[in-house]
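Before any comments, here is the structure.
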Amino acid sequence: MSGGTRLENANPLIFQRSGERLLTATDEDDDVADPIDDREIFDLIRSINDPEHPLSLEELNVVEQMRVNVNDEESTVSVEFTPTIPHCSMATLIGLSIKVKLLRSLPDRFKIDVHITPGTHASEDAVNKQLADKERVAAALENSQLLEVVNQCLYTRSM
């Protein structure tokens, strides 16, 4: 996916994917109020493709369910992600991909906060500032080349 450039993390650790969520009859009943929970958000983002490797963010342990927090009553979602290396140049792109996936998937009532796990990236403050700025995110998504890369990350391949 890197287009022939040298990979920053050529041999990443690969983690086992978690199992699929077991659905109950209540989960599938449209007449039952079903609040959005941490696992539902994790299921939305776990299969996002890494921009450098043919692996998902879950397989690289960039996203974990325990780093997803949802408050359905207050309409907030917070996701921490952990880049595979402290100087990962793809951190902003990964965060943008997570944010776009959630913006496209969740009702508009949700406030979405995507940020780097504290202490795991050399430029975490700068990346977090970019991801928290609605105008910067919107401007990034107006760039057709960047949007194409984000869409490639979001493309769901068969597992």
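So you can find residues: chains in the structure tokens are A, B, ... in the order shown, residues in each start at 1, and ligands are numbered from 1 in order.
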Segment 96-105 of chain A surroundings by only C-alpha atoms, 12 Å radius, close-in-sequence under 5 positions cut, as an MDAnalysis selection string: chainID A and resid 36 40:51 56:58 62:63 68 76:81 90:91 110:116 127:134 136:141 146:156
Distance in Å - atom CA of Asn61 of chain A versus atom CA of Asp125 of chain A: 20.8 Å
Members of segment 56-132 of chain A assigned strand (DSSP E) by DSSP, as number ranges by chain: A: 68-71, 76-81, 111-116
Find the residues near Asp37 of chain A: any atom within 8 Å, counting only C-alpha atoms, skip ones fewer than 6 places away on the same chain, and give them as a PDB file with N, CA, C and O atoms, in the first residue's frame.
ATOM      1  N   ASN A  69     -14.578   4.254  24.381  1.00  0.00           N
ATOM      2  CA  ASN A  69     -15.544   4.618  25.419  1.00  0.00           C
ATOM      3  C   ASN A  69     -16.735   5.313  24.783  1.00  0.00           C
ATOM      4  O   ASN A  69     -16.562   6.286  24.044  1.00  0.00           O
ATOM      5  N   VAL A  70     -17.916   4.811  25.090  1.00  0.00           N
ATOM      6  CA  VAL A  70     -19.153   5.363  24.545  1.00  0.00           C
ATOM      7  C   VAL A  70     -20.075   5.741  25.699  1.00  0.00           C
ATOM      8  O   VAL A  70     -20.217   4.987  26.664  1.00  0.00           O
ATOM      9  N   ASN A  71     -20.677   6.905  25.580  1.00  0.00           N
ATOM     10  CA  ASN A  71     -21.751   7.290  26.485  1.00  0.00           C
ATOM     11  C   ASN A  71     -22.936   7.627  25.592  1.00  0.00           C
ATOM     12  O   ASN A  71     -23.021   8.727  25.043  1.00  0.00           O
ATOM     13  N   ASP A  72     -23.818   6.650  25.402  1.00  0.00           N
ATOM     14  CA  ASP A  72     -24.951   6.823  24.488  1.00  0.00           C
ATOM     15  C   ASP A  72     -25.889   7.930  24.965  1.00  0.00           C
ATOM     16  O   ASP A  72     -26.399   8.694  24.155  1.00  0.00           O
TER      17      ASP A  72
END
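Atom CA of Thr82 of chain A to atom CA of Glu135 of chain A spans 23.8 Å [interatomic distance, one decimal].
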Those of segment 14-126 of chain A in DSSP helix (DSSP H, G or I), formatted as JSON, numbers by chain: {"A": [25, 26, 27, 28, 38, 39, 40, 41, 42, 43, 44, 45, 65, 66, 67, 91, 92, 93, 94, 95, 96, 97, 98, 99, 100, 101, 102, 103, 104, 105, 124, 125, 126]}
